[in-house]
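Student: Have a peek at model34.txt (compact mmCIF, C-alpha atoms (C1' of nucleotides)).
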```txt
# COMPACT_ATOMS: atom_id res chain seq x y z
CA MET A 1 -3.13 -0.06 -23.62
CA GLY A 2 -2.35 2.17 -20.66
CA ILE A 3 0.99 3.25 -22.13
CA THR A 4 1.58 6.84 -23.22
CA LYS A 5 2.83 7.31 -26.80
CA LYS A 6 5.60 9.74 -25.91
CA GLU A 7 7.39 9.32 -29.23
CA ILE A 8 4.80 11.28 -31.18
CA PHE A 9 5.16 14.42 -29.07
CA THR A 10 7.84 17.08 -28.83
CA GLU A 11 10.42 16.98 -26.09
CA GLN A 12 8.92 20.11 -24.58
CA GLN A 13 5.43 18.65 -24.56
CA ASN A 14 6.66 15.52 -22.82
CA ARG A 15 8.67 17.58 -20.36
CA ILE A 16 5.75 19.82 -19.40
CA ALA A 17 3.48 16.80 -19.11
CA SER A 18 5.78 14.75 -16.91
CA LEU A 19 6.54 17.67 -14.62
CA ALA A 20 2.82 18.44 -14.32
CA LYS A 21 2.14 14.77 -13.68
CA ALA A 22 4.66 14.75 -10.84
CA ILE A 23 2.81 17.67 -9.24
CA GLY A 24 -0.54 16.04 -10.05
CA HIS A 25 -1.06 14.36 -6.70
CA PRO A 26 -2.20 16.13 -3.52
CA ALA A 27 0.37 14.29 -1.38
CA ARG A 28 3.18 15.56 -3.59
CA VAL A 29 1.71 19.07 -3.57
CA ALA A 30 1.63 18.87 0.23
CA ILE A 31 5.22 17.64 0.36
CA LEU A 32 6.40 20.50 -1.85
CA GLN A 33 4.50 23.05 0.22
CA GLN A 34 6.10 21.67 3.39
CA LEU A 35 9.55 21.87 1.84
CA PHE A 36 8.88 25.47 0.90
CA LYS A 37 7.48 26.34 4.32
CA SER A 38 10.09 24.71 6.48
CA ASN A 39 13.63 25.77 5.70
CA THR A 40 14.98 23.08 8.00
CA CYS A 41 13.88 20.71 5.24
CA ILE A 42 12.10 17.99 7.25
CA CYS A 43 12.20 14.31 6.49
CA GLY A 44 10.02 11.84 8.43
CA ASP A 45 8.10 14.83 9.73
CA LEU A 46 6.25 14.63 6.44
CA VAL A 47 4.77 11.33 7.54
CA ASN A 48 3.34 13.02 10.62
CA GLU A 49 2.25 16.19 8.85
CA ILE A 50 0.56 14.36 6.00
CA GLY A 51 -1.70 11.49 7.03
CA LEU A 52 -0.19 8.75 4.89
CA ALA A 53 1.88 5.72 5.82
CA GLN A 54 5.66 5.98 5.76
CA PRO A 55 6.16 3.73 2.70
CA THR A 56 3.61 5.78 0.80
CA ILE A 57 5.34 9.07 1.57
CA SER A 58 8.67 7.48 0.73
CA GLN A 59 7.29 6.45 -2.64
CA HIS A 60 6.04 9.96 -3.40
CA LEU A 61 9.41 11.37 -2.38
CA LYS A 62 11.06 8.93 -4.76
CA GLU A 63 8.94 10.16 -7.66
CA LEU A 64 9.81 13.77 -6.91
CA LYS A 65 13.45 12.76 -6.61
CA ASN A 66 13.34 10.92 -9.93
CA MET A 67 12.08 14.09 -11.61
CA LYS A 68 14.83 15.97 -9.76
CA ILE A 69 12.24 18.30 -8.28
CA ILE A 70 13.67 17.59 -4.82
CA LYS A 71 17.01 16.53 -3.38
CA GLY A 72 17.71 14.32 -0.37
CA ASN A 73 20.55 14.63 2.09
CA ILE A 74 21.39 11.83 4.51
CA GLU A 75 21.89 13.15 8.03
CA GLY A 76 22.56 10.30 10.39
CA THR A 77 19.55 8.04 10.50
CA SER A 78 17.23 10.57 8.92
CA VAL A 79 17.08 12.08 5.46
CA CYS A 80 16.64 15.77 4.85
CA TYR A 81 14.81 16.79 1.73
CA CYS A 82 14.63 20.10 -0.07
CA ILE A 83 13.59 21.67 -3.36
CA ASP A 84 16.06 21.35 -6.22
CA GLN A 85 16.35 24.98 -7.21
CA GLU A 86 17.65 24.22 -10.68
CA THR A 87 14.67 22.11 -11.71
CA TRP A 88 12.27 24.42 -9.92
CA SER A 89 13.54 27.36 -11.97
CA GLU A 90 12.99 25.30 -15.10
CA ILE A 91 9.44 24.57 -13.97
CA GLU A 92 8.78 28.25 -13.34
CA THR A 93 10.05 29.24 -16.77
CA LEU A 94 8.38 26.40 -18.64
CA PHE A 95 4.97 26.79 -17.03
CA GLN A 96 5.05 30.56 -16.92
CA ALA A 97 5.37 30.51 -20.70
CA PHE A 98 2.76 27.82 -21.09
CA PHE A 99 0.22 29.37 -18.78
CA THR A 100 0.47 32.89 -20.05
CA GLN A 101 -0.05 32.07 -23.71
CA LYS A 102 -2.24 34.70 -25.24
CA VAL A 103 -5.50 33.78 -26.90
CA ASN A 104 -6.39 35.67 -30.05
CA ARG A 105 -9.99 36.38 -29.12
CA ALA A 106 -10.74 37.76 -32.59
CA GLY A 107 -11.86 34.55 -34.25
CA ASP A 108 -12.88 32.76 -31.10
CA CYS A 109 -15.79 30.38 -31.47
CA CYS A 110 -16.96 30.18 -27.87
CA MET B 111 -5.23 0.46 -3.58
CA GLY B 112 -4.88 2.87 -6.49
CA ILE B 113 -7.31 5.35 -4.98
CA THR B 114 -6.15 8.81 -3.90
CA LYS B 115 -7.02 9.81 -0.31
CA LYS B 116 -8.33 13.26 -1.20
CA GLU B 117 -10.09 13.75 2.14
CA ILE B 118 -6.87 14.25 4.07
CA PHE B 119 -5.72 17.19 1.95
CA THR B 120 -6.86 20.79 1.70
CA GLU B 121 -9.19 21.91 -1.05
CA GLN B 122 -6.38 23.95 -2.56
CA GLN B 123 -3.98 21.03 -2.59
CA ASN B 124 -6.54 18.84 -4.31
CA ARG B 125 -7.35 21.60 -6.79
CA ILE B 126 -3.72 22.20 -7.73
CA ALA B 127 -3.15 18.46 -8.03
CA SER B 128 -6.14 17.73 -10.23
CA LEU B 129 -5.43 20.66 -12.54
CA ALA B 130 -1.80 19.58 -12.82
CA LYS B 131 -2.92 16.03 -13.47
CA ALA B 132 -5.16 17.20 -16.32
CA ILE B 133 -2.15 18.89 -17.90
CA GLY B 134 0.04 15.89 -17.09
CA HIS B 135 -0.28 14.15 -20.44
CA PRO B 136 1.55 15.18 -23.62
CA ALA B 137 -1.56 14.76 -25.75
CA ARG B 138 -3.46 17.21 -23.56
CA VAL B 139 -0.52 19.61 -23.58
CA ALA B 140 -0.51 19.38 -27.38
CA ILE B 141 -4.27 19.99 -27.52
CA LEU B 142 -3.98 23.07 -25.32
CA GLN B 143 -1.09 24.42 -27.38
CA GLN B 144 -3.12 23.97 -30.56
CA LEU B 145 -6.08 25.76 -29.02
CA PHE B 146 -3.80 28.64 -28.07
CA LYS B 147 -2.15 28.75 -31.47
CA SER B 148 -5.22 28.52 -33.66
CA ASN B 149 -7.85 31.12 -32.88
CA THR B 150 -10.27 29.41 -35.24
CA CYS B 151 -10.48 26.81 -32.48
CA ILE B 152 -10.19 23.56 -34.44
CA CYS B 153 -12.00 20.34 -33.68
CA GLY B 154 -11.24 17.14 -35.59
CA ASP B 155 -8.13 18.85 -36.92
CA LEU B 156 -6.58 17.81 -33.62
CA VAL B 157 -6.84 14.20 -34.73
CA ASN B 158 -4.77 15.01 -37.80
CA GLU B 159 -2.31 17.29 -36.01
CA ILE B 160 -1.69 14.88 -33.17
CA GLY B 161 -1.03 11.29 -34.19
CA LEU B 162 -3.64 9.58 -32.05
CA ALA B 163 -6.90 7.85 -32.98
CA GLN B 164 -10.09 9.87 -32.93
CA PRO B 165 -11.60 8.14 -29.87
CA THR B 166 -8.40 8.76 -27.95
CA ILE B 167 -8.39 12.48 -28.74
CA SER B 168 -12.09 12.63 -27.91
CA GLN B 169 -11.35 11.11 -24.53
CA HIS B 170 -8.61 13.62 -23.77
CA LEU B 171 -10.94 16.44 -24.81
CA LYS B 172 -13.54 15.07 -22.42
CA GLU B 173 -11.12 15.17 -19.53
CA LEU B 174 -10.16 18.76 -20.27
CA LYS B 175 -13.85 19.59 -20.58
CA ASN B 176 -14.63 17.91 -17.25
CA MET B 177 -12.02 20.10 -15.57
CA LYS B 178 -13.56 23.08 -17.41
CA ILE B 179 -10.17 23.90 -18.90
CA ILE B 180 -11.75 23.95 -22.35
CA LYS B 181 -15.21 24.60 -23.78
CA GLY B 182 -16.87 23.00 -26.79
CA ASN B 183 -19.19 24.62 -29.28
CA ILE B 184 -21.25 22.53 -31.70
CA GLU B 185 -21.05 23.91 -35.24
CA GLY B 186 -22.94 21.68 -37.61
CA THR B 187 -21.36 18.27 -37.66
CA SER B 188 -18.15 19.43 -36.08
CA VAL B 189 -17.33 20.72 -32.63
CA CYS B 190 -15.23 23.78 -32.03
CA TYR B 191 -13.12 23.78 -28.89
CA CYS B 192 -11.41 26.61 -27.10
CA ILE B 193 -9.75 27.50 -23.81
CA ASP B 194 -12.10 28.39 -20.97
CA GLN B 195 -10.62 31.73 -19.97
CA GLU B 196 -12.14 31.67 -16.50
CA THR B 197 -10.51 28.40 -15.46
CA TRP B 198 -7.31 29.33 -17.25
CA SER B 199 -7.06 32.50 -15.18
CA GLU B 200 -7.52 30.43 -12.06
CA ILE B 201 -4.74 28.11 -13.19
CA GLU B 202 -2.43 31.06 -13.82
CA THR B 203 -3.09 32.52 -10.38
CA LEU B 204 -2.94 29.23 -8.51
CA PHE B 205 0.25 27.97 -10.13
CA GLN B 206 1.96 31.34 -10.24
CA ALA B 207 1.64 31.47 -6.45
CA PHE B 208 2.68 27.85 -6.07
CA PHE B 209 5.67 28.03 -8.38
CA THR B 210 7.09 31.26 -7.09
CA GLN B 211 7.18 30.29 -3.42
CA LYS B 212 10.35 31.57 -1.92
CA VAL B 213 12.78 29.22 -0.29
CA ASN B 214 14.47 30.44 2.85
CA ARG B 215 17.97 29.38 1.93
CA ALA B 216 19.25 30.24 5.40
CA GLY B 217 18.78 26.84 7.03
CA ASP B 218 18.82 24.80 3.88
CA CYS B 219 20.27 21.33 4.22
CA CYS B 220 21.20 20.63 0.61
C1' DT C 221 -34.92 9.69 -47.14
C1' DT C 222 -30.50 8.07 -48.01
C1' DT C 223 -25.70 9.03 -47.64
C1' DA C 224 -21.69 11.18 -45.94
C1' DT C 225 -19.22 13.56 -42.26
C1' DT C 226 -17.96 14.32 -37.74
C1' DT C 227 -17.77 13.45 -32.91
C1' DA C 228 -19.10 10.72 -28.76
C1' DT C 229 -19.62 6.36 -26.45
C1' DT C 230 -18.82 1.52 -25.42
C1' DG C 231 -16.03 -2.27 -24.44
C1' DC C 232 -11.86 -4.10 -23.74
C1' DA C 233 -6.74 -5.09 -23.10
C1' DA C 234 -2.42 -3.51 -21.40
C1' DT C 235 -0.12 -0.84 -18.29
C1' DA C 236 0.37 2.62 -14.45
C1' DT C 237 -0.73 4.48 -10.00
C1' DT C 238 -1.87 4.53 -5.18
C1' DA C 239 -1.55 2.70 -0.75
C1' DC C 240 0.18 -0.11 2.87
C1' DG C 241 1.99 -4.26 5.67
C1' DA C 242 6.12 -6.64 6.11
C1' DT C 243 10.74 -6.50 5.66
C1' DT C 244 15.34 -4.74 4.93
C1' DA C 245 19.19 -1.37 5.16
C1' DT C 246 21.73 2.09 7.54
C1' DA C 247 23.47 4.56 11.14
C1' DA C 248 23.30 6.25 15.86
C1' DT C 249 23.01 4.92 20.71
C1' DT C 250 23.57 1.97 24.62
C1' DA D 251 27.33 -6.53 19.95
C1' DA D 252 22.62 -5.53 20.75
C1' DT D 253 19.17 -2.08 20.49
C1' DT D 254 16.82 1.77 18.62
C1' DA D 255 15.39 5.05 15.09
C1' DT D 256 14.70 6.29 10.49
C1' DA D 257 13.92 5.61 5.76
C1' DA D 258 13.94 2.56 1.58
C1' DT D 259 12.38 -1.50 -0.73
C1' DC D 260 9.42 -5.53 -1.75
C1' DG D 261 5.20 -7.58 -2.56
C1' DT D 262 0.56 -7.18 -3.33
C1' DA D 263 -4.32 -5.56 -3.89
C1' DA D 264 -7.40 -2.21 -5.67
C1' DT D 265 -8.21 1.19 -8.82
C1' DA D 266 -7.02 4.47 -12.69
C1' DT D 267 -5.21 5.59 -17.13
C1' DT D 268 -4.17 5.03 -21.96
C1' DG D 269 -5.32 3.61 -26.42
C1' DC D 270 -8.10 1.84 -30.02
C1' DA D 271 -11.67 -0.96 -32.78
C1' DA D 272 -16.39 -1.02 -33.21
C1' DT D 273 -20.39 1.29 -32.86
C1' DA D 274 -23.72 4.90 -32.04
C1' DA D 275 -25.46 9.64 -32.41
C1' DA D 276 -26.12 13.92 -34.73
C1' DT D 277 -26.19 16.93 -38.36
C1' DA D 278 -25.45 18.33 -43.26
C1' DA D 279 -25.79 17.33 -48.07
C1' DA D 280 -27.59 14.75 -51.90
```
Would you kindly transcribe this structure into structure tokens?
Tutor:
Amino acid sequence: MGITKKEIFTEQQNRIASLAKAIGHPARVAILQQLFKSNTCICGDLVNEIGLAQPTISQHLKELKNMKIIKGNIEGTSVCYCIDQETWSEIETLFQAFFTQKVNRAGDCC
Amino acid sequence: MGITKKEIFTEQQNRIASLAKAIGHPARVAILQQLFKSNTCICGDLVNEIGLAQPTISQHLKELKNMKIIKGNIEGTSVCYCIDQETWSEIETLFQAFFTQKVNRAGDCC
DNA sequence: TTTATTTATTGCAATATTACGATTATAATT
DNA sequence: AATTATAATCGTAATATTGCAATAAATAAA
């Protein structure tokens, strides 16, 4: 069907999944890395840095904005983007916990 | 076009993205959590635990296997899955570094 | 060997994603 | 007001993903 059955999962499972999904595209990884690197935020520079068309970058920015992973600030004709620290902290906490889950190797089968 | 332009990104960006994408579905998050929780690995129990049809779970397992996030061990008629520690360590390292990038708040625009 | 159990594969329908050209919206500049 | 610059939106094509019924494959048990 192509539609994810979100209703059968916990809120946390859906949250982790949708945040991971947002990061699950190299263009969005590149955008986030640029935002981290450049403290003057950048905007259309992303289009030049990354080799994708402007509407494509704009679409990826929209997805990151929808997940509140980034924020946009209008500055004249250009828009300045940056990481949303609040959501990013949530990501850190959520994934830290998820990634560092301990395996009980005792009864491991493989 | 629906096809990701992987060639214009770095190997690391593509790696982070495809690992995040693999985790970017609640069913796969649920599977991983089960594998962490139950050290006796489980197999078709996942079908009962998670409310999806057997072929659907099998497909999600395949994706996780393709990314080498999990390993499968045939035990009679059933298959015993578990986390692939090697890849999981890579994920920890890769994402730890990615998530904890410091923002230089000095020239921040928003 | 037949039967039951378990998992993988196939085939398909519905929906989502990716990418971009064309266009529009907004604001600064002339 | 007209022009320029920047970014968002629309429309569309190509491809990917999600989910499941039906079926196949593999092994264990009878």
Student: Give me the residues within 6 Å of stretch 67-81 of chain A as an NGL selection string, counting only C-alpha atoms (C1' of nucleotides) and dropping any in the same chain fewer than 6 places off.
Tutor: (:A and (41-43 or 87)) or (:C and (247)) or (:D and (256))
Student: With only C-alpha atoms as the basis for distance, which of B:Ile141, B:Ile113, B:Gly161, B:Leu174 is at the shortest distance from chain A?
Tutor: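 Of B:Ile141, B:Ile113, B:Gly161, B:Leu174, the one nearest chain A, counting only C-alpha atoms, is B:Gly161.
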Student: Would you mind aligning chain A to chain B, a least-squares fit over all C-alpha atoms taken in order, and returning the superposed chain as a short mmCIF file (atom, residue, chain, number, x, y, z; two decimals) with C-alpha atoms, in the frame of the given file?
Tutor:
```cif
data_model
loop_
_atom_site.label_atom_id
_atom_site.label_comp_id
_atom_site.auth_asym_id
_atom_site.auth_seq_id
_atom_site.Cartn_x
_atom_site.Cartn_y
_atom_site.Cartn_z
CA MET A 1 -5.26 0.48 -3.52
CA GLY A 2 -4.89 2.81 -6.48
CA ILE A 3 -7.33 5.34 -5.02
CA THR A 4 -6.16 8.79 -3.93
CA LYS A 5 -7.04 9.80 -0.35
CA LYS A 6 -8.34 13.24 -1.25
CA GLU A 7 -10.11 13.72 2.07
CA ILE A 8 -6.91 14.23 4.02
CA PHE A 9 -5.74 17.17 1.91
CA THR A 10 -6.85 20.78 1.66
CA GLU A 11 -9.17 21.90 -1.08
CA GLN A 12 -6.37 23.95 -2.59
CA GLN A 13 -3.99 21.02 -2.61
CA ASN A 14 -6.54 18.84 -4.34
CA ARG A 15 -7.35 21.60 -6.81
CA ILE A 16 -3.71 22.20 -7.77
CA ALA A 17 -3.14 18.46 -8.05
CA SER A 18 -6.13 17.74 -10.25
CA LEU A 19 -5.42 20.67 -12.55
CA ALA A 20 -1.78 19.59 -12.84
CA LYS A 21 -2.91 16.03 -13.48
CA ALA A 22 -5.14 17.20 -16.32
CA ILE A 23 -2.13 18.90 -17.92
CA GLY A 24 0.06 15.89 -17.11
CA HIS A 25 -0.28 14.15 -20.46
CA PRO A 26 1.57 15.17 -23.64
CA ALA A 27 -1.57 14.76 -25.78
CA ARG A 28 -3.45 17.21 -23.57
CA VAL A 29 -0.50 19.61 -23.59
CA ALA A 30 -0.52 19.39 -27.39
CA ILE A 31 -4.26 20.00 -27.52
CA LEU A 32 -3.96 23.08 -25.32
CA GLN A 33 -1.08 24.43 -27.39
CA GLN A 34 -3.14 23.96 -30.56
CA LEU A 35 -6.09 25.77 -29.01
CA PHE A 36 -3.80 28.63 -28.07
CA LYS A 37 -2.15 28.73 -31.49
CA SER A 38 -5.22 28.52 -33.66
CA ASN A 39 -7.85 31.13 -32.88
CA THR A 40 -10.30 29.39 -35.18
CA CYS A 41 -10.45 26.78 -32.42
CA ILE A 42 -10.16 23.54 -34.42
CA CYS A 43 -11.99 20.35 -33.66
CA GLY A 44 -11.23 17.14 -35.59
CA ASP A 45 -8.12 18.87 -36.89
CA LEU A 46 -6.59 17.82 -33.60
CA VAL A 47 -6.84 14.21 -34.70
CA ASN A 48 -4.78 15.03 -37.78
CA GLU A 49 -2.33 17.31 -36.01
CA ILE A 50 -1.70 14.90 -33.16
CA GLY A 51 -1.06 11.31 -34.18
CA LEU A 52 -3.68 9.60 -32.04
CA ALA A 53 -6.94 7.91 -32.97
CA GLN A 54 -10.15 9.92 -32.91
CA PRO A 55 -11.65 8.17 -29.85
CA THR A 56 -8.44 8.78 -27.95
CA ILE A 57 -8.41 12.50 -28.73
CA SER A 58 -12.10 12.67 -27.89
CA GLN A 59 -11.37 11.11 -24.52
CA HIS A 60 -8.61 13.62 -23.76
CA LEU A 61 -10.92 16.45 -24.78
CA LYS A 62 -13.52 15.08 -22.40
CA GLU A 63 -11.08 15.17 -19.50
CA LEU A 64 -10.14 18.76 -20.26
CA LYS A 65 -13.83 19.58 -20.56
CA ASN A 66 -14.60 17.91 -17.24
CA MET A 67 -11.99 20.12 -15.56
CA LYS A 68 -13.53 23.07 -17.41
CA ILE A 69 -10.15 23.90 -18.89
CA ILE A 70 -11.74 23.95 -22.35
CA LYS A 71 -15.19 24.58 -23.79
CA GLY A 72 -16.85 22.96 -26.80
CA ASN A 73 -19.20 24.57 -29.27
CA ILE A 74 -21.26 22.49 -31.69
CA GLU A 75 -21.08 23.89 -35.21
CA GLY A 76 -23.01 21.69 -37.57
CA THR A 77 -21.42 18.28 -37.67
CA SER A 78 -18.19 19.42 -36.09
CA VAL A 79 -17.34 20.68 -32.63
CA CYS A 80 -15.22 23.73 -32.02
CA TYR A 81 -13.12 23.77 -28.90
CA CYS A 82 -11.40 26.61 -27.11
CA ILE A 83 -9.75 27.50 -23.82
CA ASP A 84 -12.08 28.39 -20.96
CA GLN A 85 -10.62 31.73 -19.97
CA GLU A 86 -12.13 31.68 -16.50
CA THR A 87 -10.50 28.41 -15.47
CA TRP A 88 -7.29 29.31 -17.26
CA SER A 89 -7.03 32.51 -15.21
CA GLU A 90 -7.51 30.44 -12.08
CA ILE A 91 -4.73 28.12 -13.20
CA GLU A 92 -2.41 31.05 -13.84
CA THR A 93 -3.06 32.53 -10.41
CA LEU A 94 -2.93 29.24 -8.53
CA PHE A 95 0.26 27.97 -10.14
CA GLN A 96 1.97 31.33 -10.26
CA ALA A 97 1.66 31.45 -6.48
CA PHE A 98 2.69 27.84 -6.08
CA PHE A 99 5.67 28.01 -8.39
CA THR A 100 7.10 31.23 -7.12
CA GLN A 101 7.17 30.27 -3.46
CA LYS A 102 10.34 31.56 -1.93
CA VAL A 103 12.79 29.21 -0.27
CA ASN A 104 14.46 30.46 2.88
CA ARG A 105 17.97 29.39 1.95
CA ALA A 106 19.28 30.26 5.42
CA GLY A 107 18.75 26.90 7.09
CA ASP A 108 18.81 24.84 3.94
CA CYS A 109 20.26 21.37 4.32
CA CYS A 110 21.19 20.64 0.72
#
```
Student: Using only C-alpha atoms (C1' of nucleotides), list the residues that have an atom at most 12 Å from (-11.0, 9.5, -31.8), coordinates as in the file, as a list in words.
Tutor: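 The answer, in the requested form, is Cys153, Gly154, Asp155, Leu156, Val157, Asn158, Ile160, Gly161, Leu162, Ala163, Gln164, Pro165, Thr166, Ile167, Ser168, Gln169, His170, Leu171 and Lys172 of chain B; DT226, DT227, DA228 and DT229 of chain C; DG269, DC270, DA271 and DA272 of chain D.
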Student: Pull out every residue of chain D sitting within 8 Å of chain B, counting only C-alpha atoms (C1' of nucleotides), and send them as a PDB file with C-alpha atoms (C1' of nucleotides), keeping the file's coordinate frame.
Tutor:
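Result file is result_2.pdb:
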```pdb
ATOM      1  C1'  DA D 263      -4.320  -5.560  -3.890  1.00  0.00           C
ATOM      2  C1'  DA D 264      -7.400  -2.210  -5.670  1.00  0.00           C
ATOM      3  C1'  DT D 265      -8.210   1.190  -8.820  1.00  0.00           C
ATOM      4  C1'  DA D 266      -7.020   4.470 -12.690  1.00  0.00           C
ATOM      5  C1'  DG D 269      -5.320   3.610 -26.420  1.00  0.00           C
ATOM      6  C1'  DC D 270      -8.100   1.840 -30.020  1.00  0.00           C
ATOM      7  C1'  DA D 276     -26.120  13.920 -34.730  1.00  0.00           C
ATOM      8  C1'  DT D 277     -26.190  16.930 -38.360  1.00  0.00           C
ATOM      9  C1'  DA D 278     -25.450  18.330 -43.260  1.00  0.00           C
TER      10       DA D 278
END
```
Student: Considering all atoms listed in the file, tabulate each residue of chain C that lies at most 6 Å from chain B along with its nearest interatomic pair and the corresponding distance in Å to one decimal; arrange the rows by chain and ascending residue number and present them as CSV.
Tutor:
```
residue,atom,partner,partner_atom,distance
C:DT226,C1',B:Thr187,CA,5.2
C:DT237,C1',B:Gly112,CA,5.7
C:DT238,C1',B:Gly112,CA,3.7
C:DA239,C1',B:Met111,CA,5.2
```
Student: Limited to C-alpha atoms (C1' of nucleotides), could you put the picked residues into a file as an mmCIF file, in the frame of the given file?
Tutor:
```cif
data_model
loop_
_atom_site.group_PDB
_atom_site.id
_atom_site.type_symbol
_atom_site.label_atom_id
_atom_site.label_comp_id
_atom_site.auth_asym_id
_atom_site.auth_seq_id
_atom_site.Cartn_x
_atom_site.Cartn_y
_atom_site.Cartn_z
ATOM 1 C "C1'" DT C 226 -17.960 14.320 -37.740
ATOM 2 C "C1'" DT C 237 -0.730 4.480 -10.000
ATOM 3 C "C1'" DT C 238 -1.870 4.530 -5.180
ATOM 4 C "C1'" DA C 239 -1.550 2.700 -0.750
#
```
Student: Write out, as a tab-separated table, each residue of chain B that has an atom at most 8 Å from chain A, together with the closest pair of atoms and their distance in Å to one decimal, counting all atoms listed in the file, rows going by chain and rising number.
Tutor:
```
residue	atom	partner	partner_atom	distance
B:Lys116	CA	A:Pro26	CA	7.2
B:Ile118	CA	A:Gly51	CA	6.6
B:Phe119	CA	A:Pro26	CA	6.6
B:Gln123	CA	A:Pro26	CA	5.3
B:Asn124	CA	A:Pro26	CA	5.2
B:Ile126	CA	A:Gly24	CA	7.3
B:Ala127	CA	A:Gly24	CA	4.1
B:Ser128	CA	A:Gly24	CA	5.9
B:Leu129	CA	A:Gly24	CA	7.2
B:Ala130	CA	A:Gly24	CA	4.7
B:Lys131	CA	A:Gly24	CA	4.2
B:Ala132	CA	A:Gly24	CA	7.9
B:Ile133	CA	A:Ala17	CA	6.1
B:Gly134	CA	A:Ala17	CA	4.1
B:His135	CA	A:Ala17	CA	4.8
B:Pro136	CA	A:Ala17	CA	5.2
B:Ala137	CA	A:Phe9	CA	7.5
B:Val139	CA	A:Gln13	CA	6.1
B:Ala140	CA	A:Gln13	CA	6.6
B:Phe146	CA	A:Val103	CA	5.5
B:Lys147	CA	A:Val103	CA	7.6
B:Asn149	CA	A:Gly107	CA	5.5
B:Thr150	CA	A:Gly107	CA	5.5
B:Cys151	CA	A:Cys109	CA	6.5
B:Ile160	CA	A:Ile8	CA	7.7
B:Gly161	CA	A:Ile8	CA	6.6
B:Lys181	CA	A:Cys110	CA	7.1
B:Gly182	CA	A:Cys110	CA	7.3
B:Asn183	CA	A:Cys110	CA	6.2
B:Cys190	CA	A:Cys109	CA	6.6
B:Tyr191	CA	A:Cys110	CA	7.5
B:Cys192	CA	A:Cys110	CA	6.6
B:Trp198	CA	A:Phe99	CA	7.7
B:Ile201	CA	A:Phe99	CA	7.6
B:Glu202	CA	A:Phe99	CA	5.9
B:Gln206	CA	A:Gln96	CA	7.4
B:Phe209	CA	A:Glu92	CA	5.9
B:Thr210	CA	A:Glu92	CA	7.1
B:Gln211	CA	A:Phe36	CA	6.7
B:Lys212	CA	A:Phe36	CA	6.9
B:Val213	CA	A:Phe36	CA	5.5
B:Asn214	CA	A:Asn39	CA	5.5
B:Arg215	CA	A:Asn39	CA	6.8
B:Ala216	CA	A:Asn39	CA	7.2
B:Gly217	CA	A:Asn39	CA	5.4
B:Asp218	CA	A:Asn39	CA	5.6
B:Cys219	CA	A:Cys41	CA	6.5
B:Cys220	CA	A:Asn73	CA	6.2
```
